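Student: Just so it is clear, I am handing over query.txt, which has compact mmCIF, C-alpha atoms.
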# COMPACT_ATOMS: atom_id res chain seq x y z
CA ASP J 245 16.33 -22.86 17.61
CA THR J 246 16.90 -20.59 20.62
CA ARG J 247 19.46 -18.33 18.93
CA PRO J 248 18.58 -14.67 18.15
CA LYS J 249 16.61 -14.46 14.88
CA ALA J 250 19.38 -12.46 13.20
CA LEU J 251 21.69 -15.44 13.70
CA VAL J 252 19.36 -18.15 12.39
CA THR J 253 20.90 -19.84 9.35
CA VAL J 254 19.09 -19.54 6.00
CA GLY J 255 20.70 -21.02 2.89
CA GLY J 256 24.01 -21.70 4.65
CA LYS J 257 24.36 -18.13 5.95
CA THR J 258 22.88 -16.31 8.91
CA MET J 259 20.40 -13.59 8.04
CA LEU J 260 22.77 -10.98 9.43
CA GLU J 261 25.53 -12.23 7.10
CA GLN J 262 23.14 -12.13 4.12
CA ILE J 263 22.13 -8.55 4.91
CA MET J 264 25.77 -7.45 5.18
CA THR J 265 26.84 -8.92 1.82
CA VAL J 266 27.71 -6.63 -1.10
CA GLY J 267 25.10 -8.34 -3.23
CA PHE J 268 22.35 -7.57 -0.76
CA VAL J 269 23.39 -3.92 -0.42
CA THR J 270 23.64 -3.46 -4.19
CA ALA J 271 20.23 -5.04 -4.76
CA PHE J 272 18.76 -3.00 -1.92
CA LEU J 273 20.09 0.31 -3.29
CA THR J 274 18.90 -0.53 -6.81
CA ALA J 275 15.43 -1.36 -5.54
CA SER J 276 15.41 1.80 -3.42
CA VAL J 277 15.98 3.96 -6.50
CA ARG J 278 13.25 2.15 -8.45
CA MET J 279 10.81 2.62 -5.59
CA ALA J 280 11.73 6.29 -5.10
CA VAL J 281 11.48 7.48 -8.73
CA PRO J 282 7.65 7.59 -8.98
CA LEU J 283 7.56 9.39 -5.62
CA ILE J 284 10.06 11.96 -6.91
CA TYR J 285 8.04 12.64 -10.07
CA ALA J 286 4.84 13.08 -8.07
CA GLY J 287 6.69 15.06 -5.39
CA LEU J 288 8.15 17.44 -7.99
CA GLY J 289 4.69 18.05 -9.37
CA GLU J 290 3.29 18.69 -5.90
CA THR J 291 6.21 21.00 -5.05
CA ILE J 292 5.49 23.13 -8.13
CA SER J 293 1.78 23.24 -7.29
CA GLU J 294 2.27 24.10 -3.63
CA LYS J 295 4.84 26.78 -4.45
CA ALA J 296 2.00 28.49 -6.33
CA GLY J 297 -0.37 28.10 -3.38
CA ILE J 298 -2.39 25.13 -4.72
CA LEU J 299 -2.60 22.10 -2.42
CA ASN J 300 -3.38 18.95 -4.38
CA ILE J 301 -4.20 16.08 -2.04
CA GLY J 302 -5.48 14.30 -5.15
CA MET J 303 -2.00 13.12 -6.22
CA GLU J 304 -3.14 9.55 -5.72
CA GLY J 305 -5.81 10.12 -8.35
CA VAL J 306 -3.37 11.93 -10.64
CA MET J 307 -0.92 9.02 -10.47
CA LEU J 308 -3.71 6.51 -11.08
CA GLY J 309 -4.78 8.47 -14.15
CA GLY J 310 -1.20 8.52 -15.43
CA ALA J 311 -0.80 4.79 -14.79
CA PHE J 312 -4.00 3.77 -16.58
CA PHE J 313 -3.69 6.03 -19.61
CA SER J 314 -0.01 5.16 -20.08
CA PHE J 315 -0.96 1.49 -20.09
CA ALA J 316 -3.89 2.04 -22.48
CA GLY J 317 -1.79 4.23 -24.80
CA THR J 318 1.02 1.69 -24.95
CA PHE J 319 -1.32 -1.29 -25.30
CA TYR J 320 -3.25 0.13 -28.25
CA SER J 321 -0.37 1.88 -30.03
CA GLY J 322 2.43 -0.58 -29.28
CA SER J 323 4.72 2.38 -28.51
CA LEU J 324 6.17 3.18 -25.09
CA ALA J 325 6.69 6.81 -26.14
CA VAL J 326 3.00 7.17 -26.99
CA GLY J 327 2.09 5.52 -23.70
CA LEU J 328 4.32 7.95 -21.83
CA LEU J 329 2.64 10.94 -23.50
CA CYS J 330 -0.79 9.46 -22.75
CA GLY J 331 0.20 9.07 -19.10
CA MET J 332 1.27 12.72 -18.88
CA ALA J 333 -1.95 13.82 -20.60
CA GLY J 334 -4.04 11.63 -18.31
CA GLY J 335 -2.42 13.12 -15.21
CA ALA J 336 -2.85 16.65 -16.58
CA MET J 337 -6.56 16.06 -17.22
CA VAL J 338 -7.11 14.84 -13.66
CA SER J 339 -5.18 17.78 -12.24
CA ALA J 340 -7.16 20.16 -14.46
CA ILE J 341 -10.34 19.05 -12.67
CA HIS J 342 -8.71 20.09 -9.41
CA GLY J 343 -7.67 23.38 -11.01
CA LEU J 344 -11.22 24.07 -12.13
CA LEU J 345 -12.55 23.50 -8.62
CA SER J 346 -9.80 25.24 -6.68
CA ILE J 347 -8.86 28.15 -8.99
CA ARG J 348 -11.89 28.91 -11.13
CA LEU J 349 -14.58 28.04 -8.57
CA ALA J 350 -12.47 28.81 -5.43
CA GLN J 351 -13.64 25.67 -3.61
CA ASP J 352 -11.95 23.94 -0.70
CA GLN J 353 -8.77 22.36 -2.07
CA SER J 354 -8.59 19.52 0.45
CA VAL J 355 -12.13 18.37 -0.28
CA SER J 356 -11.48 18.61 -4.02
CA GLY J 357 -8.34 16.46 -3.75
CA ILE J 358 -10.01 13.75 -1.68
CA ALA J 359 -12.95 13.63 -4.10
CA ILE J 360 -10.58 13.25 -7.05
CA ASN J 361 -8.82 10.31 -5.38
CA ILE J 362 -12.09 8.47 -4.85
CA PHE J 363 -13.38 9.40 -8.32
CA MET J 364 -10.25 8.20 -10.14
CA ALA J 365 -10.11 4.93 -8.21
CA GLY J 366 -13.56 4.12 -9.57
CA VAL J 367 -13.03 5.49 -13.09
CA THR J 368 -9.75 3.69 -13.77
CA SER J 369 -11.15 0.42 -12.40
CA PHE J 370 -14.22 0.72 -14.64
CA LEU J 371 -12.25 1.67 -17.75
CA TYR J 372 -9.77 -1.14 -17.21
CA LYS J 373 -12.56 -3.70 -16.98
CA LEU J 374 -14.00 -2.38 -20.24
CA MET J 375 -10.59 -2.48 -21.86
CA SER J 376 -9.60 -5.94 -20.65
CA SER J 377 -12.91 -7.57 -21.69
CA GLY J 378 -12.93 -9.86 -18.70
CA GLN J 379 -9.20 -10.73 -18.91
CA SER J 380 -7.53 -9.93 -15.63
CA TYR J 381 -3.95 -9.76 -16.89
CA GLN J 382 -2.40 -8.05 -19.91
CA GLN J 383 1.32 -7.41 -20.23
CA ILE J 384 3.39 -4.83 -22.11
CA GLU J 385 7.15 -4.70 -22.60
CA PRO J 386 8.61 -2.10 -20.19
CA PHE J 387 11.48 0.32 -20.80
CA ALA J 388 14.88 -1.37 -20.97
CA LYS J 389 17.79 -0.40 -18.75
CA LEU J 390 20.55 1.81 -20.18
CA LYS J 391 23.89 1.45 -18.42
CA ILE J 392 26.11 4.54 -18.42
CA PRO J 393 29.73 3.53 -19.18
CA PHE J 394 32.22 3.84 -16.30
CA LEU J 395 29.63 5.33 -13.90
CA GLY J 396 27.62 2.11 -13.96
CA ASP J 397 30.69 0.17 -12.77
CA ILE J 398 31.17 2.14 -9.55
CA PRO J 399 30.95 -0.30 -6.62
CA LEU J 400 27.63 -0.36 -4.72
CA ILE J 401 26.06 2.82 -6.14
CA GLY J 402 26.96 2.37 -9.82
CA ASN J 403 24.32 -0.23 -10.58
CA ALA J 404 21.72 1.57 -8.45
CA LEU J 405 22.11 5.03 -9.98
CA PHE J 406 23.60 4.54 -13.43
CA ASN J 407 22.20 1.25 -14.70
CA GLN J 408 18.60 2.39 -14.93
CA ASP J 409 15.92 3.29 -17.45
CA VAL J 410 15.54 6.61 -19.28
CA LEU J 411 12.79 7.82 -16.91
CA THR J 412 15.10 7.44 -13.92
CA TYR J 413 17.80 9.51 -15.62
CA GLY J 414 15.13 12.04 -16.55
CA VAL J 415 14.14 12.60 -12.94
CA TYR J 416 17.75 13.42 -12.00
CA VAL J 417 17.76 16.18 -14.62
CA LEU J 418 14.31 17.47 -13.67
CA VAL J 419 15.21 17.91 -10.00
CA ILE J 420 18.22 20.03 -10.98
CA LEU J 421 16.22 22.09 -13.50
CA VAL J 422 13.37 22.79 -11.07
CA THR J 423 15.87 23.82 -8.38
CA LEU J 424 17.59 26.25 -10.77
CA PHE J 425 14.21 27.53 -11.98
CA TYR J 426 13.15 28.63 -8.49
CA SER J 427 16.52 29.94 -7.38
CA ARG J 428 17.89 31.58 -10.52
CA THR J 429 14.98 32.83 -12.66
CA SER J 430 12.46 35.66 -12.26
CA LYS J 431 9.62 33.38 -13.33
CA GLY J 432 10.48 30.94 -10.56
CA MET J 433 10.52 33.73 -8.02
CA ALA J 434 7.14 34.88 -9.32
CA PHE J 435 5.68 31.40 -8.75
CA ALA J 436 7.10 31.39 -5.22
CA ALA J 437 5.73 34.88 -4.57
CA ILE J 438 2.20 33.74 -5.49
CA GLY J 439 2.39 30.98 -2.91
CA GLU J 440 3.48 33.40 -0.21
CA ASN J 441 1.29 36.43 -0.94
CA PRO J 442 -0.88 36.27 -4.07
CA ARG J 443 -2.39 39.72 -3.49
CA ALA J 444 1.03 41.36 -3.38
CA ALA J 445 2.08 39.39 -6.47
CA ASP J 446 -1.07 40.53 -8.28
CA SER J 447 -0.30 44.14 -7.32
CA ALA J 448 3.16 43.69 -8.83
CA GLY J 449 1.59 42.70 -12.16
CA ILE J 450 1.97 38.92 -11.89
CA PRO J 451 -1.09 37.12 -13.39
CA VAL J 452 -1.84 34.94 -10.36
CA HIS J 453 -4.49 32.65 -11.81
CA ARG J 454 -2.57 32.11 -15.05
CA TYR J 455 0.52 31.04 -13.10
CA GLN J 456 -1.56 28.80 -10.85
CA TRP J 457 -3.08 27.07 -13.89
CA ALA J 458 0.42 26.49 -15.27
CA ALA J 459 1.47 24.99 -11.91
CA VAL J 460 -1.62 22.74 -11.79
CA LEU J 461 -0.99 21.38 -15.29
CA LEU J 462 2.70 20.77 -14.54
CA ASN J 463 1.60 19.05 -11.35
CA GLY J 464 -0.62 16.74 -13.40
CA MET J 465 1.99 15.99 -16.05
CA LEU J 466 4.67 15.10 -13.49
CA GLY J 467 2.24 13.13 -11.33
CA GLY J 468 1.13 11.31 -14.49
CA LEU J 469 4.77 10.48 -15.18
CA GLY J 470 5.03 9.01 -11.70
CA GLY J 471 2.04 6.79 -12.39
CA ALA J 472 3.33 5.91 -15.86
CA TYR J 473 6.64 4.82 -14.32
CA LEU J 474 4.83 2.14 -12.32
CA VAL J 475 3.40 0.67 -15.53
CA LEU J 476 6.12 1.32 -18.10
CA VAL J 477 9.13 0.46 -15.93
CA GLN J 478 8.21 -1.50 -12.81
CA VAL J 479 5.43 -3.96 -13.65
CA GLY J 480 4.45 -3.69 -17.33
CA ASN J 481 0.70 -3.85 -16.66
CA PHE J 482 -2.11 -2.02 -14.91
CA SER J 483 -4.08 -3.18 -11.89
CA GLU J 484 -6.78 -1.55 -9.79
CA ASN J 485 -5.49 0.93 -7.19
CA MET J 486 -1.92 0.03 -8.12
CA THR J 487 -0.53 3.27 -6.67
CA SER J 488 -1.18 1.85 -3.16
CA GLY J 489 -0.89 5.17 -1.35
CA ARG J 490 2.14 6.48 -3.24
CA GLY J 491 0.36 9.77 -3.92
CA TYR J 492 0.02 10.36 -0.18
CA ILE J 493 3.64 9.37 0.43
CA ALA J 494 4.69 11.89 -2.25
CA LEU J 495 2.80 14.56 -0.30
CA ALA J 496 4.66 13.50 2.84
CA ALA J 497 7.98 13.69 0.96
CA VAL J 498 7.24 17.31 -0.02
CA ILE J 499 6.49 18.23 3.60
CA LEU J 500 9.53 16.38 4.97
CA GLY J 501 11.73 17.89 2.25
CA ARG J 502 10.66 21.40 3.31
CA TYR J 503 9.14 22.22 -0.11
CA VAL J 504 12.56 22.16 -1.76
CA PRO J 505 13.21 19.83 -4.76
CA PHE J 506 16.41 18.28 -3.41
CA GLY J 507 14.95 17.95 0.07
CA MET J 508 11.88 16.26 -1.38
CA MET J 509 14.14 13.95 -3.40
CA GLY J 510 16.02 12.92 -0.27
CA ALA J 511 12.77 12.20 1.57
CA ALA J 512 11.51 10.17 -1.39
CA PHE J 513 14.68 8.06 -1.27
CA ILE J 514 14.06 7.38 2.43
CA PHE J 515 10.53 6.17 1.69
CA GLY J 516 11.75 4.21 -1.33
CA ALA J 517 14.44 2.57 0.78
CA ALA J 518 11.85 1.58 3.39
CA ASN J 519 9.74 -0.06 0.69
CA ALA J 520 12.75 -1.79 -0.84
CA LEU J 521 13.90 -3.01 2.58
CA GLN J 522 10.66 -4.81 3.31
CA ILE J 523 10.83 -6.53 -0.08
CA ARG J 524 14.45 -7.62 0.42
CA LEU J 525 13.78 -8.84 3.97
CA GLN J 526 10.91 -10.97 2.69
CA ALA J 527 13.18 -12.32 -0.06
CA ILE J 528 15.79 -13.61 2.40
CA GLY J 529 13.10 -15.13 4.64
CA VAL J 530 13.14 -12.91 7.71
CA PRO J 531 10.77 -14.66 10.17
CA LEU J 532 8.28 -11.82 10.46
CA PRO J 533 4.70 -11.68 9.13
CA THR J 534 4.56 -10.25 5.61
CA GLN J 535 1.88 -7.82 6.78
CA ALA J 536 4.26 -6.37 9.38
CA LEU J 537 6.99 -5.89 6.77
CA ALA J 538 4.51 -4.32 4.33
CA MET J 539 3.66 -1.72 6.99
CA LEU J 540 7.30 -0.62 7.25
CA PRO J 541 7.25 2.16 4.57
CA TYR J 542 4.13 3.72 6.07
CA ILE J 543 5.44 3.52 9.62
CA ILE J 544 8.61 5.32 8.53
CA THR J 545 6.43 7.92 6.75
CA LEU J 546 4.53 8.61 9.98
CA VAL J 547 7.72 8.77 12.05
CA ALA J 548 9.30 11.17 9.55
CA LEU J 549 6.26 13.45 9.65
CA LEU J 550 6.28 13.41 13.44
CA GLY J 551 9.90 14.53 13.26
CA ALA J 552 8.88 17.45 11.06
CA ILE J 553 6.48 18.87 13.67
CA GLY J 554 7.35 22.48 14.48
CA LYS J 555 9.45 22.92 11.32
CA ASN J 556 6.71 24.20 9.04
CA SER J 557 8.03 25.98 5.95
CA ALA J 558 4.89 25.78 3.83
CA PRO J 559 3.99 28.77 1.65
CA GLU J 560 1.80 31.20 3.59
CA ALA J 561 -1.08 31.14 1.11
CA LEU J 562 -1.06 27.37 0.58
CA GLY J 563 -4.56 25.96 0.21
CA LYS J 564 -6.26 29.38 0.27
CA PRO J 565 -8.24 30.24 -2.88
CA TYR J 566 -7.33 33.66 -4.29
CA ILE J 567 -10.27 35.81 -5.30
CA ARG J 568 -9.14 38.93 -7.07
Turn the structure described in the file into C-alpha cells.
Tutor:
Amino acid sequence: DTRPKALVTVGGKTMLEQIMTVGFVTAFLTASVRMAVPLIYAGLGETISEKAGILNIGMEGVMLGGAFFSFAGTFYSGSLAVGLLCGMAGGAMVSAIHGLLSIRLAQDQSVSGIAINIFMAGVTSFLYKLMSSGQSYQQIEPFAKLKIPFLGDIPLIGNALFNQDVLTYGVYVLVILVTLFYSRTSKGMAFAAIGENPRAADSAGIPVHRYQWAAVLLNGMLGGLGGAYLVLVQVGNFSENMTSGRGYIALAAVILGRYVPFGMMGAAFIFGAANALQIRLQAIGVPLPTQALAMLPYIITLVALLGAIGKNSAPEALGKPYIR
C-alpha cells in the first residue's frame, strides 16, 4: 500500500478517521487524566518541599514506597482505605530518610535523592519477593469509579473528569487548597520565605528546620499517594520498578509549571496526555515500533524542559542546606 500511513485502512476506517472520532477523543482524555493523577500527587508533594528549600530527587523512591506499602496494606487487611494509609505512611518514611540526611545532617540533597531511588528499588523488590512467596502475580480489587451526576454527562470532558475514582477527585481539591494555602495564608508565605531566604526567615522568628520537616513529610505523604494510585486505581497489583520514571517526570512537571500548583498540574496533564497517546496509538495499530511510541512521553518531557530554559523561577535557597 503506497498511500500515506495516516490513510491506511484499519478495521474499515483510516487511522486518521479513527483518531478524529468522538470515541477516540473521549477515551484519550480519560486515559490522560488517569495517567496524570499520580504525577500531580507527586508534583504537589515536590512543590511543597521545594517551596521550603528542600530538593527531593528521590520522588521515584517515594512513589515506589507508596506503591509497595499500599499494596501490602490492602493485601493483608483486605481494605483499600488501610492500603491507602499504608501507602502514605510508606512514602512519608522514605521522605523522612531524605529529611534526616538533608536537614539534620546537612548533606548534599541531590546525592541523597539519587541514593534513595536506588535503595528503594532494591528494597521494594526484595520485600515483594518475600511477600509473594515465589508467586509473580497477586491481584487486589481497585477503587471503583464514581460518576458525578450531570457533570459526568458533559460531552468529551465529562467522562474524563467526572467519571473517575475518589483519588482523582481528591487531587482536584488538593491543588486548589495548596494554591490558597500559599497565596492566602501567613503559614504558606512563611514556607515560601524559607525557600527564598531561610536566614531572613529565621531572623523573623520562623522555625526553619521545623517547617522544612513538615514540608518533607507532606512531600512523602503526597508522593506515597501518587504511588498508591498506581496500585489501588490503575493496575491492582505491585510489580518491580512499576513507577517507570514517573518520579522524575513529576520533578519535570514542577519545573515546567514554574513551582506553582496549577502550573504543575497543567504540565502533568501534558505528560499524562503524551503517555495516553502512545497507548491509544498502539491500540488502533499505528504502524510504528512499540518502542518508539513508548519513548513519546519522555521525548515530550525533554522538549518541554528545553522550552523552559531561561525561565528559572526556582526558590533561591533550593537545594542549599541551612545551618543555623
Student: Provide the atom CA of Val410 of chain J to atom CA of Gly470 of chain J distance in Å, to one decimal place.
Tutor: 13.2 Å
Student: Could you give me, as JSON lines, every segment 476-552 of chain J residue with an atom at most 12 Å from segment 358-363 of chain J, plus its closest atom pair and distance in Å to one decimal, counting all atoms listed in the file, rows ordered by chain then number?
Tutor:
{"residue": "J:Asn485", "atom": "CA", "partner": "J:Asn361", "partner_atom": "CA", "distance": 10.1}
{"residue": "J:Thr487", "atom": "CA", "partner": "J:Asn361", "partner_atom": "CA", "distance": 11.0}
{"residue": "J:Ser488", "atom": "CA", "partner": "J:Asn361", "partner_atom": "CA", "distance": 11.6}
{"residue": "J:Gly489", "atom": "CA", "partner": "J:Asn361", "partner_atom": "CA", "distance": 10.3}
{"residue": "J:Arg490", "atom": "CA", "partner": "J:Asn361", "partner_atom": "CA", "distance": 11.8}
{"residue": "J:Gly491", "atom": "CA", "partner": "J:Asn361", "partner_atom": "CA", "distance": 9.3}
{"residue": "J:Tyr492", "atom": "CA", "partner": "J:Asn361", "partner_atom": "CA", "distance": 10.3}
Student: Near Thr423 of chain J, counting all atoms listed in the file, which residues have an atom at most 9 Å away, once you skip same-chain residues fewer than 6 positions from it, shown as a ChimeraX atom specification?
Tutor: /J:504-506
Student: Give as a ChimeraX atom specification each residue that has an atom at most 10 Å from (7.8, 6.9, -13.9) in the file, counting all atoms listed in the file.
Tutor: /J:278-286,307,310-311,328,331,409-412,414-415,466-478
Student: Quick one: residues within 6 Å of (7.1, 13.8, 8.6) (file frame), counting all atoms listed in the file, please, as a ChimeraX atom specification.
Tutor: /J:500,546,548-552
Student: Suppose you want the space between atom CA of Ile553 of chain J and atom CA of Ala538 of chain J; what is it in Å?
Tutor: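 We find that atom CA of Ile553 of chain J and atom CA of Ala538 of chain J lie 25.1 Å from each other.
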Student: Taking into account only C-alpha atoms, which residue in the set J:Leu273, J:Ile292, J:Met364, J:Leu299 is nearest to Tyr426 of chain J?
Tutor: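 Once distances to Tyr426 of chain J are computed over only C-alpha atoms, the minimum belongs to J:Ile292.
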Student: Show me, as a ChimeraX atom specification, the residues that have an atom within 8 Å of segment 333-349 of chain J when counting all atoms listed in the file, minus same-chain residues fewer than 6 positions from it.
Tutor: /J:298,300,302,305-310,313-314,356-357,360,453,456-457,460-469,565-566
